[in-house]
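Novice: Handing over data_29.cif, mmCIF, C-alpha atoms.
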```cif
data_data
#
loop_
_atom_site.group_PDB
_atom_site.id
_atom_site.type_symbol
_atom_site.label_atom_id
_atom_site.label_comp_id
_atom_site.auth_asym_id
_atom_site.auth_seq_id
_atom_site.Cartn_x
_atom_site.Cartn_y
_atom_site.Cartn_z
ATOM 1 C CA MET A 1 -2.475 -31.540 11.745
ATOM 2 C CA SER A 2 -4.108 -29.123 14.173
ATOM 3 C CA ALA A 3 -6.526 -26.469 13.043
ATOM 4 C CA PRO A 4 -5.565 -22.818 13.321
ATOM 5 C CA ALA A 5 -6.826 -21.000 16.395
ATOM 6 C CA PRO A 6 -9.845 -18.788 15.787
ATOM 7 C CA PRO A 7 -8.995 -15.105 15.564
ATOM 8 C CA PRO A 8 -9.905 -12.922 18.525
ATOM 9 C CA PRO A 9 -13.039 -10.817 18.129
ATOM 10 C CA GLY A 10 -12.511 -7.690 16.078
ATOM 11 C CA LEU A 11 -9.864 -9.090 13.731
ATOM 12 C CA PRO A 12 -10.867 -9.154 10.056
ATOM 13 C CA ASP A 13 -11.087 -12.347 8.049
ATOM 14 C CA LEU A 14 -8.007 -12.997 5.936
ATOM 15 C CA PRO A 15 -7.016 -12.063 3.319
ATOM 16 C CA VAL A 16 -7.406 -8.351 3.994
ATOM 17 C CA THR A 17 -5.889 -5.411 2.112
ATOM 18 C CA PHE A 18 -4.965 -2.044 3.588
ATOM 19 C CA ARG A 19 -4.518 0.854 1.204
ATOM 20 C CA PRO A 20 -4.940 4.625 1.314
ATOM 21 C CA THR A 21 -8.103 4.566 -0.795
ATOM 22 C CA LEU A 22 -8.879 8.288 -0.742
ATOM 23 C CA THR A 23 -5.286 9.177 -1.645
ATOM 24 C CA ARG A 24 -5.406 6.618 -4.457
ATOM 25 C CA VAL A 25 -8.657 8.051 -5.837
ATOM 26 C CA VAL A 26 -7.302 11.611 -5.724
ATOM 27 C CA LEU A 27 -4.013 10.667 -7.422
ATOM 28 C CA LEU A 28 -5.662 8.677 -10.217
ATOM 29 C CA ALA A 29 -8.369 11.305 -10.783
ATOM 30 C CA VAL A 30 -5.799 14.115 -10.973
ATOM 31 C CA GLY A 31 -3.641 12.010 -13.295
ATOM 32 C CA ALA A 32 -6.557 11.261 -15.610
ATOM 33 C CA ALA A 33 -7.723 14.889 -15.609
ATOM 34 C CA MET A 34 -4.219 16.171 -16.361
ATOM 35 C CA PHE A 35 -3.834 13.626 -19.160
ATOM 36 C CA VAL A 36 -7.094 14.792 -20.742
ATOM 37 C CA VAL A 37 -6.214 18.492 -20.358
ATOM 38 C CA ILE A 38 -2.667 18.196 -21.721
ATOM 39 C CA THR A 39 -3.830 16.015 -24.623
ATOM 40 C CA ALA A 40 -6.674 18.443 -25.404
ATOM 41 C CA VAL A 41 -4.263 21.391 -25.374
ATOM 42 C CA ALA A 42 -1.956 19.488 -27.742
ATOM 43 C CA MET A 43 -4.843 18.914 -30.168
ATOM 44 C CA ILE A 44 -6.270 22.456 -29.916
ATOM 45 C CA LEU A 45 -3.039 24.385 -30.533
ATOM 46 C CA GLU A 46 -2.833 25.015 -34.273
ATOM 47 C CA ASN A 47 0.878 25.806 -34.573
ATOM 48 C CA LEU A 48 2.083 22.416 -33.306
ATOM 49 C CA GLY A 49 3.503 19.775 -35.591
ATOM 50 C CA ALA A 50 2.903 16.046 -35.238
ATOM 51 C CA GLY A 51 6.100 15.546 -33.239
ATOM 52 C CA GLU A 52 5.207 18.308 -30.803
ATOM 53 C CA ARG A 53 1.706 16.925 -30.319
ATOM 54 C CA THR A 54 3.196 13.499 -29.685
ATOM 55 C CA SER A 55 5.588 14.927 -27.110
ATOM 56 C CA PHE A 56 2.651 16.615 -25.309
ATOM 57 C CA VAL A 57 0.811 13.278 -25.144
ATOM 58 C CA PHE A 58 4.000 11.500 -24.038
ATOM 59 C CA VAL A 59 4.488 14.004 -21.185
ATOM 60 C CA ALA A 60 0.829 13.544 -20.199
ATOM 61 C CA LEU A 61 1.315 9.752 -20.126
ATOM 62 C CA LEU A 62 4.504 10.134 -18.111
ATOM 63 C CA PHE A 63 2.738 12.379 -15.589
ATOM 64 C CA PHE A 64 -0.157 9.907 -15.281
ATOM 65 C CA GLY A 65 2.319 7.029 -14.899
ATOM 66 C CA VAL A 66 4.092 8.741 -12.001
ATOM 67 C CA LEU A 67 0.791 9.397 -10.229
ATOM 68 C CA ALA A 68 -0.275 5.781 -10.855
ATOM 69 C CA LEU A 69 2.972 4.584 -9.216
ATOM 70 C CA LEU A 70 2.287 6.855 -6.235
ATOM 71 C CA SER A 71 -1.182 5.305 -5.915
ATOM 72 C CA ARG A 72 0.171 1.726 -5.891
ATOM 73 C CA PRO A 73 1.033 1.151 -2.182
ATOM 74 C CA ARG A 74 -0.916 -1.481 -0.260
ATOM 75 C CA ILE A 75 -0.474 -4.111 2.417
ATOM 76 C CA THR A 76 -2.175 -7.474 1.929
ATOM 77 C CA ALA A 77 -2.357 -9.839 4.897
ATOM 78 C CA ASP A 78 -3.136 -13.531 4.559
ATOM 79 C CA GLU A 79 -2.658 -16.656 6.673
ATOM 80 C CA ARG A 80 1.077 -16.917 5.945
ATOM 81 C CA GLY A 81 2.135 -13.265 6.293
ATOM 82 C CA ILE A 82 1.894 -9.950 4.526
ATOM 83 C CA THR A 83 2.796 -8.571 1.145
ATOM 84 C CA VAL A 84 3.977 -4.957 1.257
ATOM 85 C CA VAL A 85 3.649 -3.142 -2.056
ATOM 86 C CA ASN A 86 5.396 0.235 -1.967
ATOM 87 C CA ILE A 87 5.911 2.583 -4.890
ATOM 88 C CA THR A 88 8.392 0.475 -6.862
ATOM 89 C CA ARG A 89 9.079 -2.574 -4.658
ATOM 90 C CA THR A 90 7.075 -5.527 -3.425
ATOM 91 C CA ARG A 91 8.201 -7.603 -0.462
ATOM 92 C CA ARG A 92 6.679 -10.703 1.095
ATOM 93 C CA LEU A 93 7.094 -11.121 4.868
ATOM 94 C CA ALA A 94 6.172 -14.069 7.068
ATOM 95 C CA TRP A 95 4.296 -13.158 10.247
ATOM 96 C CA ALA A 96 7.271 -14.226 12.378
ATOM 97 C CA GLU A 97 9.517 -11.690 10.617
ATOM 98 C CA ILE A 98 7.455 -8.739 11.866
ATOM 99 C CA LEU A 99 8.261 -7.741 15.433
ATOM 100 C CA ARG A 100 6.290 -4.503 15.668
ATOM 101 C CA VAL A 101 3.952 -2.284 13.657
ATOM 102 C CA ASN A 102 4.622 1.417 14.332
ATOM 103 C CA LEU A 103 2.607 4.491 13.459
ATOM 104 C CA ARG A 104 3.772 7.333 15.675
ATOM 105 C CA ALA A 105 2.424 10.876 15.622
ATOM 106 C CA GLY A 106 3.962 12.682 12.664
ATOM 107 C CA ASP A 107 4.949 9.516 10.775
ATOM 108 C CA PRO A 108 4.021 9.688 7.080
ATOM 109 C CA TRP A 109 3.216 5.943 7.019
ATOM 110 C CA VAL A 110 3.530 2.734 9.012
ATOM 111 C CA PHE A 111 6.966 1.313 9.772
ATOM 112 C CA LEU A 112 7.528 -2.392 10.372
ATOM 113 C CA ASP A 113 10.303 -3.448 12.761
ATOM 114 C CA LEU A 114 11.683 -6.709 11.378
ATOM 115 C CA SER A 115 13.436 -9.648 13.017
ATOM 116 C CA ASP A 116 16.652 -8.951 11.060
ATOM 117 C CA GLY A 117 17.048 -5.659 12.955
ATOM 118 C CA THR A 118 15.857 -3.402 10.145
ATOM 119 C CA SER A 119 12.802 -1.205 9.831
ATOM 120 C CA MET A 120 10.722 -1.187 6.669
ATOM 121 C CA PRO A 121 8.262 1.490 5.536
ATOM 122 C CA ALA A 122 4.823 0.176 4.584
ATOM 123 C CA LEU A 123 3.178 2.935 2.566
ATOM 124 C CA GLY A 124 -0.153 1.101 2.405
ATOM 125 C CA ILE A 125 -1.239 2.776 5.650
ATOM 126 C CA GLN A 126 -0.825 6.560 5.491
ATOM 127 C CA PRO A 127 -2.432 9.038 7.874
ATOM 128 C CA GLY A 128 -2.276 11.915 5.351
ATOM 129 C CA ILE A 129 -5.879 12.479 4.223
ATOM 130 C CA ALA A 130 -7.710 9.881 6.353
ATOM 131 C CA LYS A 131 -5.930 9.896 9.715
ATOM 132 C CA GLU A 132 -8.596 8.030 11.711
ATOM 133 C CA ARG A 133 -8.744 5.221 9.173
ATOM 134 C CA ALA A 134 -4.944 4.953 9.101
ATOM 135 C CA VAL A 135 -4.788 4.679 12.896
ATOM 136 C CA ARG A 136 -7.538 2.025 12.857
ATOM 137 C CA ASP A 137 -5.779 0.088 10.056
ATOM 138 C CA ALA A 138 -2.420 0.275 11.883
ATOM 139 C CA ARG A 139 -4.045 -1.086 15.056
ATOM 140 C CA THR A 140 -5.666 -3.896 13.075
ATOM 141 C CA LEU A 141 -2.376 -4.796 11.384
ATOM 142 C CA ARG A 142 -0.638 -4.693 14.777
ATOM 143 C CA ALA A 143 -3.272 -7.047 16.243
ATOM 144 C CA LEU A 144 -2.949 -9.400 13.259
ATOM 145 C CA THR A 145 0.828 -9.399 13.656
ATOM 146 C CA GLU A 146 0.614 -10.143 17.367
ATOM 147 C CA PHE A 147 -1.911 -12.944 16.802
ATOM 148 C CA HIS A 148 -0.227 -14.640 13.852
ATOM 149 C CA GLY A 149 3.377 -13.874 14.785
ATOM 150 C CA SER A 150 3.018 -15.259 18.303
ATOM 151 C CA GLY A 151 2.781 -18.838 17.112
ATOM 152 C CA VAL A 152 -0.774 -19.161 18.462
ATOM 153 C CA ASN A 153 -2.164 -19.640 14.980
ATOM 154 C CA ASP A 154 0.600 -21.863 13.539
ATOM 155 C CA VAL A 155 -0.549 -24.998 11.780
ATOM 156 C CA THR A 156 1.766 -27.877 12.638
ATOM 157 C CA GLU A 157 1.951 -31.370 11.276
ATOM 158 C CA ASN A 158 2.393 -34.283 13.646
ATOM 159 C CA SER A 159 4.509 -37.047 12.173
#
```
Now, as a test, write the supplied structure out as structure tokens.
Specialist:
Amino acid sequence: MSAPAPPPPGLPDLPVTFRPTLTRVVLLAVGAAMFVVITAVAMILENLGAGERTSFVFVALLFFGVLALLSRPRITADERGITVVNITRTRRLAWAEILRVNLRAGDPWVFLDLSDGTSMPALGIQPGIAKERAVRDARTLRALTEFHGSGVNDVTENS
């Protein structure tokens, strides 16, 4: 068994996770604040019955849940490939399945061109609030894909 080739300088050690951290913080903070405010309003209003108060809290939980789902996206890269976690779906991809990592001007997130001819959105890298970081993360993911997907780093067994 041959050892994997060392990564070129500048590539991060694996595993590495890419996620829109600032967006995640904003979404979860707004969700928590709205939950507290809506729940407080439900408790302060005197003319509400128990069922109405419960429905206020349920709506607050629902709102927080939606924002928590929106904060979920990430891309985790390891030696075998990447795991793309979008809002409601998770997909595991081997390095060889990823042909190209795209983040063009105006794109809301990274798109992965796959070997089956499809393109997949990867919401874990979004240029919305932190554009420079998103561009840097997309370049890093592209470099990882080129290094690992090229077969240079494959571990093979000799029989």
Novice: Applied to this file, what does the PyMOL selection byres ((chain A and resi 91) around 10) return in terms of residues, put as a ChimeraX atom specification?
Specialist: /A:75,82-86,89-90,92-93,120,122
Novice: Tell me, as a PyMOL selection string, which residues lie within 7 Å of Arg72 in chain A, counting only C-alpha atoms; anything in the same chain fewer than 3 positions away does not count.
Specialist: chain A and resi 68-69+86-87
Novice: Between A:Ile38, A:Leu67, A:Ala96, A:Phe18, which one has atoms that come closest to Gly81 in chain A, using all atoms listed in the file?
Specialist: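 Ranking A:Ile38, A:Leu67, A:Ala96, A:Phe18 by distance to Gly81 in chain A, first place goes to A:Ala96.
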Novice: When the PyMOL selection byres ((chain A and resi 37) around 12) is applied to the file above, which residues end up in the set, as a list in words?
Specialist: Val30, Gly31, Ala32, Ala33, Met34, Phe35, Val36, Ile38, Thr39, Ala40, Val41, Ala42, Met43, Ile44, Phe56, Val57, Val59, Ala60, Leu61, Phe63 and Phe64 of chain A
Novice: So how many Å separate CA of Arg142 in chain A and CA of Gly106 in chain A, to one decimal?
Specialist: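 Separation between CA of Arg142 in chain A and CA of Gly106 in chain A: 18.1 Å.
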Novice: Which of these, A:Ser71, A:Thr54, A:Thr88, A:Thr76, has the shortest distance to Val26 in chain A once you count all atoms listed in the file?
Specialist: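 Among A:Ser71, A:Thr54, A:Thr88, A:Thr76, it is A:Ser71 that comes nearest to Val26 in chain A.
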Novice: Please, what distance in Å, to one decimal, runs between CA of Ala105 in chain A and CA of Leu123 in chain A?
Specialist: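 Going from CA of Ala105 in chain A over to CA of Leu123 in chain A, I get 15.3 Å.
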Novice: Near range 127-130 of chain A, counting only C-alpha atoms, which residues have an atom at most 7 Å away, once you skip same-chain residues fewer than 6 positions from it, shown as a list of chain:residue names?
Specialist: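 With the cut-off at 7 Å, the set is A:Thr23, A:Pro108, A:Trp109.
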